[in-house]
Amino acid sequence: MTAFAEKFSQQAGINSLMDDLGKAMAGDQPMIMMGGGNPGHFPPVQERLGEELQKLAHDPEAVARLIGVYDAPQGEARFIRALKDLLNETYGWGLSEENIALTNGSQAAFFMLFNFFAGEMPDGSRRQILLPMAPEYLGYADAGLGPDTFRSVRPRIDMLDAHTFKYRLDFEELALDEQVGALCVSRPTNPTGNVLTDEEIGRLHGLARAWDIPLIVDGAYGSPFPELIYTRARPFWDEQVILCLSLSKLGLPAVRTGIVIAAPEVIRALSGTNAILNLATGSFGPQLTEGLVRSGEILSLSRDQVRPWYEAKMRKAVAVLHEAFGEACPWSVHQPEGAMFLWLWFPGLPITSHELYQRLKGKGVLVVSGHYFFPGLPDDEDWPHRHECLRVTYSQDDEAVAEGLRVIAEEVRQCYSDAGVR
């Protein structure tokens with residue numbers, strides 16, 4: 001096999017996660033699913049999307065277009081036009097249709113973007129993607145075709161109270177050089193729920209402009225939709241920024257619709273790569289949601305229904321955490337400012353987070369070990385923190401989430417107790 005084939009046959013964090021999720025769903029053992037990023041099943045959104053599906057199904061012209069016509073490699077033109085109009089009316093961004101492309105899911109978009117801006121350059125030099133703050137999304141880690149695609153920077157850790165902390169960008173350690181091909185951040189951050197402030201985004205944008213490189217902002221959980229942000233954050237775009245959005249977390253993970261908003265030369269490159277890899281992108285997600293985009297309802301649906309629902313679930317989960325852990329062992333949770341995850345930190349954990357993940361899986365609770373979320377940090381770097389964290393989702397049924405958190409607390413307390421630590 002080629003080096004390409006060998007790379008993608010190896011076990012990576014993202015395929016390990018998806019494999020675990022698939023086996024858990026198909027297995028006989030009951031499993032509390034707190035590992036993946038699958039959005040919850042929120043009836044008001046599902047009912048509204050069902051209404052749009054019914055309208056689509058009863059429109060013969062729309063059905064013919066949906067199942068019988070290839071879209072252009074840039075993506076479904078009517079959806080792109082409607083989204084351009086909505087974003088210009090809402091934010092005044094001055095977009096044209098040449099600034100938007102669709103992909104078969106955000107994961108595909110990031111695979112293309114990372115390999116556009118990192119790897120071997122025409123002059124033989126090599127570029128990297130700089131992640132200004134780790135932990136970051138585990139799906140990035142194996143998306144680069146070349147070695148050392150990423151480098152990242154440890155965050156500052158601020159303790160907000162006895163059991164709550166927050167990561168902050170450490171600009172003093174954020175050293176750019178000619179090897180950096182792009183900056184990339186997720187906002188809100190998967191896995192921690194951290195939301196970079198407007199000031200932090202502004203400083204990163206200034207660095208990107210100074211070095212004439214893109215700032216890639218992964219907004220899959222953020223603004224303008226699905227708006228899973230529980231603090232103040234202003235959406236931002238100009239042609240120095242590549243903003244990546246998705247329909248998944250609105251409640252449409254199966255339709256695989258990624259959205260990239262960028263300078264026209266980036267959109268042309270994405271469209272060309274789409275043509276080579278896929279011929280065209282799928283039409284279902286764009287056609288299903290075109291009416292919601294055209295009317296602006298996608299924004300009000302996100303703001304008035306989706307966000308409050310997830311924020312309420314987050315608050316319930318945090319309350320259970322405090323009840324379940326109490327003061328029995330060292331523990332802390334990252335301040336949840338967005339997305340649908342809690343990032344748990346167990347300082348001085350006597351076993352690794354991967355061992356804890358295995359124990360919890362044996363107890364019927366599926367989580368994700370935190371060690372996967374530090375792409376770009378040297379493997380030999382002595383930082384115990386990266387092996388002391390877990391990512392858990394609160395997107396599923398509240399009672400199941402509460403039970404899962406209690407099982408986690410019991411197992412963690414046992415780990416410390418076995419090691420004689422309180």
# chains A, B, ... in the order shown; residues from 1 in each chain; ligands from 1
>>> closest_atom_pairs(of="range 264-341 of chain A", to="range 98-119 of chain A", cutoff="7 Å", atoms="only C-alpha atoms", output="tab-separated table")
residue	atom	partner	partner_atom	distance
A:Pro264	CA	A:Asn99	CA	5.2
A:Ile267	CA	A:Ala101	CA	5.9
A:Ser271	CA	A:Ala101	CA	6.9
A:Thr281	CA	A:Asn104	CA	5.7
A:Gly282	CA	A:Asn104	CA	6.5
>>> residues_around(residues="Pro135 in chain A", least_positions_apart="5", cutoff="8 Å", atoms="only C-alpha atoms", output="list in words")
Arg154, Pro191, Thr192, Phe373, Phe374 and Pro375 of chain A
>>> write_last_selection(atoms="N, CA, C and O atoms", output="short mmCIF file (atom, residue, chain, number, x, y, z; two decimals), in the first residue's frame")
data_model
loop_
_atom_site.label_atom_id
_atom_site.label_comp_id
_atom_site.auth_asym_id
_atom_site.auth_seq_id
_atom_site.Cartn_x
_atom_site.Cartn_y
_atom_site.Cartn_z
N ARG A 154 0.28 25.44 24.46
CA ARG A 154 -0.43 25.20 25.73
C ARG A 154 -1.19 26.45 26.14
O ARG A 154 -0.72 27.58 25.97
N PRO A 191 -13.01 20.35 22.43
CA PRO A 191 -13.89 19.68 23.37
C PRO A 191 -14.34 20.46 24.60
O PRO A 191 -15.11 19.95 25.39
N THR A 192 -13.85 21.69 24.82
CA THR A 192 -13.96 22.25 26.16
C THR A 192 -15.17 23.13 26.37
O THR A 192 -15.52 23.44 27.52
N PHE A 373 -7.05 15.14 22.27
CA PHE A 373 -7.40 16.51 21.89
C PHE A 373 -6.23 17.48 21.94
O PHE A 373 -6.43 18.69 22.07
N PHE A 374 -5.02 16.98 21.81
CA PHE A 374 -3.85 17.85 21.88
C PHE A 374 -2.98 17.72 20.64
O PHE A 374 -1.77 17.48 20.73
N PRO A 375 -3.56 17.85 19.44
CA PRO A 375 -2.75 17.76 18.22
C PRO A 375 -1.72 18.89 18.19
O PRO A 375 -2.00 20.02 18.59
#
>>> closest_atom_pairs(of="range 224-323 of chain A", to="range 406-417 of chain A", cutoff="10 Å", atoms="only C-alpha atoms", output="JSON lines")
{"residue": "A:Val320", "atom": "CA", "partner": "A:Arg406", "partner_atom": "CA", "distance": 7.7}
{"residue": "A:Leu321", "atom": "CA", "partner": "A:Arg406", "partner_atom": "CA", "distance": 7.6}
{"residue": "A:His322", "atom": "CA", "partner": "A:Ala409", "partner_atom": "CA", "distance": 9.7}
{"residue": "A:Glu323", "atom": "CA", "partner": "A:Arg406", "partner_atom": "CA", "distance": 8.7}
>>> atom_distance(atom1="CA of Ser246 in chain A", atom2="CA of Glu89 in chain A")
19.7 Å
>>> closest_atom_pairs(of="range 314-359 of chain A", to="range 227-230 of chain A", cutoff="6 Å", atoms="only C-alpha atoms", output="CSV")
residue,atom,partner,partner_atom,distance
A:Glu337,CA,A:Tyr230,CA,5.1
A:Gly338,CA,A:Ile229,CA,4.2
A:Ala339,CA,A:Leu228,CA,5.2
>>> write_last_selection(atoms="N, CA, C and O atoms", output="short mmCIF file (atom, residue, chain, number, x, y, z; two decimals), in the first residue's frame")
data_model
loop_
_atom_site.label_atom_id
_atom_site.label_comp_id
_atom_site.auth_asym_id
_atom_site.auth_seq_id
_atom_site.Cartn_x
_atom_site.Cartn_y
_atom_site.Cartn_z
N GLU A 337 -19.03 27.45 28.14
CA GLU A 337 -19.50 28.69 27.51
C GLU A 337 -20.20 28.43 26.17
O GLU A 337 -20.74 29.36 25.57
N GLY A 338 -20.19 27.17 25.72
CA GLY A 338 -20.82 26.86 24.44
C GLY A 338 -20.65 25.42 24.08
O GLY A 338 -20.12 24.61 24.85
N ALA A 339 -21.12 25.06 22.87
CA ALA A 339 -21.10 23.68 22.35
C ALA A 339 -21.99 22.80 23.21
O ALA A 339 -22.95 23.26 23.82
#
>>> select_by_dssp(residues="range 214-325 of chain A", states="helix (DSSP H, G or I)", output="MDAnalysis selection string")
chainID A and resid 248:251 253:255 264:278 284:295 297:325
>>> residues_around(residues="range 353-364 of chain A", least_positions_apart="3", cutoff="7 Å", atoms="only C-alpha atoms", output="PyMOL selection string")
chain A and resi 30-32+367-371+387-390+408
>>> write_last_selection(atoms="N, CA and C atoms", output="short mmCIF file (atom, residue, chain, number, x, y, z; two decimals), in the first residue's frame")
data_model
loop_
_atom_site.label_atom_id
_atom_site.label_comp_id
_atom_site.auth_asym_id
_atom_site.auth_seq_id
_atom_site.Cartn_x
_atom_site.Cartn_y
_atom_site.Cartn_z
N PRO A 30 -26.37 -2.38 27.18
CA PRO A 30 -26.85 -1.01 27.24
C PRO A 30 -25.68 -0.06 27.48
N MET A 31 -25.64 1.04 26.76
CA MET A 31 -24.53 1.98 26.85
C MET A 31 -25.07 3.39 26.95
N ILE A 32 -24.58 4.15 27.92
CA ILE A 32 -24.91 5.57 28.01
C ILE A 32 -23.94 6.31 27.11
N VAL A 367 -17.36 7.64 26.97
CA VAL A 367 -16.87 9.02 26.97
C VAL A 367 -15.71 9.08 25.97
N VAL A 368 -14.95 10.17 25.96
CA VAL A 368 -13.75 10.26 25.12
C VAL A 368 -12.58 10.68 25.99
N SER A 369 -11.49 9.93 25.89
CA SER A 369 -10.28 10.26 26.63
C SER A 369 -9.72 11.59 26.14
N GLY A 370 -9.32 12.44 27.07
CA GLY A 370 -8.83 13.76 26.71
C GLY A 370 -7.53 13.78 25.95
N HIS A 371 -6.74 12.70 26.00
CA HIS A 371 -5.41 12.76 25.39
C HIS A 371 -5.47 12.92 23.88
N HIS A 387 -3.28 14.02 30.10
CA HIS A 387 -3.74 12.67 30.41
C HIS A 387 -4.66 12.63 31.64
N GLU A 388 -5.20 13.80 32.01
CA GLU A 388 -6.04 13.90 33.20
C GLU A 388 -7.46 14.38 32.90
N CYS A 389 -7.84 14.41 31.61
CA CYS A 389 -9.10 15.03 31.23
C CYS A 389 -10.00 14.07 30.45
N LEU A 390 -11.30 14.30 30.53
CA LEU A 390 -12.30 13.57 29.74
C LEU A 390 -13.23 14.58 29.07
N ILE A 408 -19.31 8.08 36.34
CA ILE A 408 -17.98 8.66 36.19
C ILE A 408 -17.44 9.08 37.55
#
>>> residues_around(residues="Phe165 in chain A", least_positions_apart="2", cutoff="8 Å", atoms="only C-alpha atoms", output="PyMOL selection string")
chain A and resi 157-161+163+167+332-335
>>> write_last_selection(atoms="all heavy atoms", output="short mmCIF file (atom, residue, chain, number, x, y, z; two decimals), in the first residue's frame")
data_model
loop_
_atom_site.label_atom_id
_atom_site.label_comp_id
_atom_site.auth_asym_id
_atom_site.auth_seq_id
_atom_site.Cartn_x
_atom_site.Cartn_y
_atom_site.Cartn_z
N ILE A 157 -4.05 28.34 32.34
CA ILE A 157 -5.20 27.77 33.07
C ILE A 157 -5.52 28.69 34.24
O ILE A 157 -4.71 28.89 35.14
CB ILE A 157 -4.90 26.34 33.58
CG1 ILE A 157 -4.58 25.41 32.41
CG2 ILE A 157 -6.08 25.81 34.40
CD1 ILE A 157 -4.21 24.00 32.82
N ASP A 158 -6.72 29.28 34.18
CA ASP A 158 -7.19 30.15 35.26
C ASP A 158 -8.23 29.39 36.08
O ASP A 158 -9.23 28.91 35.54
CB ASP A 158 -7.85 31.42 34.69
CG ASP A 158 -6.84 32.41 34.15
OD1 ASP A 158 -5.63 32.16 34.27
OD2 ASP A 158 -7.28 33.44 33.59
N MET A 159 -8.01 29.28 37.38
CA MET A 159 -9.00 28.68 38.27
C MET A 159 -10.01 29.77 38.65
O MET A 159 -9.65 30.81 39.20
CB MET A 159 -8.34 28.12 39.53
CG MET A 159 -7.42 26.93 39.26
SD MET A 159 -8.20 25.53 38.41
CE MET A 159 -9.58 25.14 39.51
N LEU A 160 -11.27 29.53 38.30
CA LEU A 160 -12.32 30.51 38.56
C LEU A 160 -12.96 30.31 39.93
O LEU A 160 -13.43 31.27 40.54
CB LEU A 160 -13.38 30.44 37.46
CG LEU A 160 -12.86 30.61 36.03
CD1 LEU A 160 -14.02 30.56 35.04
CD2 LEU A 160 -12.09 31.91 35.88
N ASP A 161 -13.03 29.07 40.38
CA ASP A 161 -13.42 28.74 41.75
C ASP A 161 -12.87 27.36 42.05
O ASP A 161 -12.05 26.83 41.28
CB ASP A 161 -14.95 28.85 41.95
CG ASP A 161 -15.74 27.88 41.07
OD1 ASP A 161 -15.28 26.74 40.85
OD2 ASP A 161 -16.82 28.28 40.58
N HIS A 163 -13.87 24.42 41.72
CA HIS A 163 -14.10 23.32 40.79
C HIS A 163 -14.38 23.80 39.36
O HIS A 163 -14.93 23.03 38.56
CB HIS A 163 -15.26 22.45 41.28
CG HIS A 163 -14.99 21.77 42.58
ND1 HIS A 163 -14.04 20.80 42.73
CD2 HIS A 163 -15.55 21.96 43.82
CE1 HIS A 163 -14.01 20.39 44.00
NE2 HIS A 163 -14.92 21.08 44.68
N TYR A 167 -9.47 27.83 30.16
CA TYR A 167 -8.28 28.00 29.34
C TYR A 167 -8.29 29.39 28.71
O TYR A 167 -9.33 29.86 28.25
CB TYR A 167 -8.24 26.98 28.21
CG TYR A 167 -8.08 25.54 28.62
CD1 TYR A 167 -8.96 24.57 28.14
CD2 TYR A 167 -7.03 25.12 29.43
CE1 TYR A 167 -8.81 23.23 28.47
CE2 TYR A 167 -6.87 23.79 29.78
CZ TYR A 167 -7.76 22.84 29.30
OH TYR A 167 -7.61 21.52 29.62
N SER A 332 -12.39 19.16 38.49
CA SER A 332 -12.75 20.49 38.03
C SER A 332 -13.37 20.37 36.64
O SER A 332 -13.10 19.42 35.92
CB SER A 332 -11.51 21.40 37.98
OG SER A 332 -11.88 22.75 37.85
N VAL A 333 -14.20 21.34 36.28
CA VAL A 333 -14.84 21.35 34.96
C VAL A 333 -14.50 22.68 34.29
O VAL A 333 -14.48 23.73 34.93
CB VAL A 333 -16.37 21.16 35.08
CG1 VAL A 333 -17.02 22.26 35.91
CG2 VAL A 333 -17.02 21.10 33.69
N HIS A 334 -14.19 22.62 32.99
CA HIS A 334 -13.97 23.86 32.27
C HIS A 334 -15.26 24.66 32.20
O HIS A 334 -16.34 24.09 31.99
CB HIS A 334 -13.47 23.57 30.84
CG HIS A 334 -13.03 24.80 30.12
ND1 HIS A 334 -13.90 25.71 29.56
CD2 HIS A 334 -11.79 25.30 29.89
CE1 HIS A 334 -13.22 26.70 29.02
NE2 HIS A 334 -11.93 26.47 29.20
N GLN A 335 -15.18 25.95 32.42
CA GLN A 335 -16.37 26.79 32.36
C GLN A 335 -17.08 26.56 31.03
O GLN A 335 -16.53 26.84 29.97
CB GLN A 335 -15.97 28.26 32.49
CG GLN A 335 -17.15 29.20 32.44
CD GLN A 335 -16.77 30.61 32.85
OE1 GLN A 335 -16.64 30.92 34.02
NE2 GLN A 335 -16.55 31.47 31.86
#
>>> residues_around(residues="range 275-279 of chain A", least_positions_apart="3", cutoff="9 Å", atoms="only C-alpha atoms", output="VMD selection string")
chain A and resid 70 to 74 104 270 to 272
>>> residues_around(residues="Ser96 in chain A", least_positions_apart="3", cutoff="10 Å", atoms="only C-alpha atoms", output="list in words")
Ile80, Arg81, Lys84, Asp85, Asn88, Trp93, Asn99, Ile100, Ile261, Ala263 and Pro264 of chain A
>>> select_by_dssp(residues="range 93-296 of chain A", states="strand (DSSP E)", output="ChimeraX atom specification")
/A:100-103,119-120,126-131,150-152,156-161,164-168,180-186,215-218,241-246,258-261
>>> closest_residue(among="A:Gly219, A:Gly144, A:Leu87, A:Met121", to="Phe8 in chain A", atoms="only C-alpha atoms")
A:Gly144
>>> atom_distance(atom1="CA of Pro378 in chain A", atom2="CA of Pro336 in chain A")
27.1 Å
>>> residues_around(residues="Val241 in chain A", least_positions_apart="4", cutoff="10 Å", atoms="only C-alpha atoms", output="VMD selection string")
chain A and resid 182 to 184 205 208 to 209 213 to 217 236 to 237 261 to 263
>>> write_last_selection(atoms="N, CA and C atoms", output="tab-separated table (two decimals), in the first residue's frame")
chain	number	residue	atom	x	y	z
A	182	ALA	N	-1.31	28.85	8.25
A	182	ALA	CA	-2.63	29.32	8.66
A	182	ALA	C	-2.77	29.16	10.16
A	183	LEU	N	-3.63	29.98	10.75
A	183	LEU	CA	-4.08	29.80	12.13
A	183	LEU	C	-5.44	29.13	12.10
A	184	CYS	N	-5.76	28.31	13.11
A	184	CYS	CA	-7.07	27.67	13.16
A	184	CYS	C	-7.55	27.57	14.60
A	205	HIS	N	-6.73	37.78	14.44
A	205	HIS	CA	-6.94	38.35	13.11
A	205	HIS	C	-5.79	39.30	12.75
A	208	ALA	N	-2.83	37.21	11.81
A	208	ALA	CA	-3.03	36.63	10.47
A	208	ALA	C	-2.78	37.67	9.39
A	209	ARG	N	-3.27	38.87	9.61
A	209	ARG	CA	-3.08	39.94	8.63
A	209	ARG	C	-1.59	40.31	8.52
A	213	ILE	N	-1.63	35.38	6.26
A	213	ILE	CA	-2.09	34.00	6.27
A	213	ILE	C	-3.55	33.99	6.71
A	214	PRO	N	-4.31	32.93	6.40
A	214	PRO	CA	-5.71	32.90	6.83
A	214	PRO	C	-5.86	32.59	8.31
A	215	LEU	N	-6.91	33.13	8.89
A	215	LEU	CA	-7.39	32.70	10.20
A	215	LEU	C	-8.63	31.85	9.94
A	216	ILE	N	-8.51	30.54	10.19
A	216	ILE	CA	-9.63	29.61	9.99
A	216	ILE	C	-10.40	29.53	11.30
A	217	VAL	N	-11.70	29.84	11.24
A	217	VAL	CA	-12.55	29.79	12.43
A	217	VAL	C	-13.59	28.69	12.21
A	236	PHE	N	-17.65	37.19	13.18
A	236	PHE	CA	-16.70	38.06	12.49
A	236	PHE	C	-16.24	37.39	11.21
A	237	TRP	N	-16.15	38.19	10.13
A	237	TRP	CA	-15.60	37.69	8.88
A	237	TRP	C	-15.05	38.84	8.04
A	261	ILE	N	-16.97	29.96	4.14
A	261	ILE	CA	-17.06	31.36	3.71
A	261	ILE	C	-15.64	31.91	3.69
A	262	ALA	N	-15.18	32.30	2.52
A	262	ALA	CA	-13.76	32.63	2.38
A	262	ALA	C	-13.55	33.52	1.16
A	263	ALA	N	-12.29	33.92	0.94
A	263	ALA	CA	-11.93	34.68	-0.24
A	263	ALA	C	-12.18	33.85	-1.50
>>> decode(residues="range 35-48 of chain A", atoms="N, CA and C atoms", output="short mmCIF file (atom, residue, chain, number, x, y, z; two decimals), in the first residue's frame")
data_model
loop_
_atom_site.label_atom_id
_atom_site.label_comp_id
_atom_site.auth_asym_id
_atom_site.auth_seq_id
_atom_site.Cartn_x
_atom_site.Cartn_y
_atom_site.Cartn_z
N GLY A 35 -20.06 10.08 24.47
CA GLY A 35 -18.78 10.22 23.81
C GLY A 35 -18.80 11.10 22.58
N GLY A 36 -19.77 10.95 21.69
CA GLY A 36 -19.74 11.63 20.41
C GLY A 36 -20.30 13.03 20.45
N GLY A 37 -20.32 13.66 19.27
CA GLY A 37 -20.86 15.00 19.15
C GLY A 37 -22.23 15.01 18.49
N ASN A 38 -22.92 13.86 18.52
CA ASN A 38 -24.24 13.80 17.90
C ASN A 38 -25.19 14.74 18.64
N PRO A 39 -25.86 15.64 17.92
CA PRO A 39 -26.80 16.53 18.62
C PRO A 39 -27.96 15.75 19.21
N GLY A 40 -28.59 16.33 20.20
CA GLY A 40 -29.75 15.70 20.79
C GLY A 40 -30.95 15.78 19.87
N HIS A 41 -31.94 14.96 20.16
CA HIS A 41 -33.18 14.95 19.38
C HIS A 41 -34.16 15.92 20.03
N PHE A 42 -34.25 17.12 19.45
CA PHE A 42 -35.05 18.20 20.02
C PHE A 42 -36.34 18.31 19.21
N PRO A 43 -37.49 17.88 19.78
CA PRO A 43 -38.72 17.78 18.99
C PRO A 43 -39.11 19.03 18.22
N PRO A 44 -39.06 20.24 18.80
CA PRO A 44 -39.49 21.40 18.01
C PRO A 44 -38.69 21.59 16.71
N VAL A 45 -37.38 21.33 16.77
CA VAL A 45 -36.56 21.46 15.57
C VAL A 45 -36.87 20.34 14.59
N GLN A 46 -37.00 19.12 15.11
CA GLN A 46 -37.29 18.00 14.22
C GLN A 46 -38.66 18.16 13.54
N GLU A 47 -39.62 18.68 14.30
CA GLU A 47 -40.95 18.90 13.71
C GLU A 47 -40.89 19.98 12.63
N ARG A 48 -40.12 21.04 12.89
CA ARG A 48 -40.02 22.11 11.89
C ARG A 48 -39.32 21.62 10.63
#
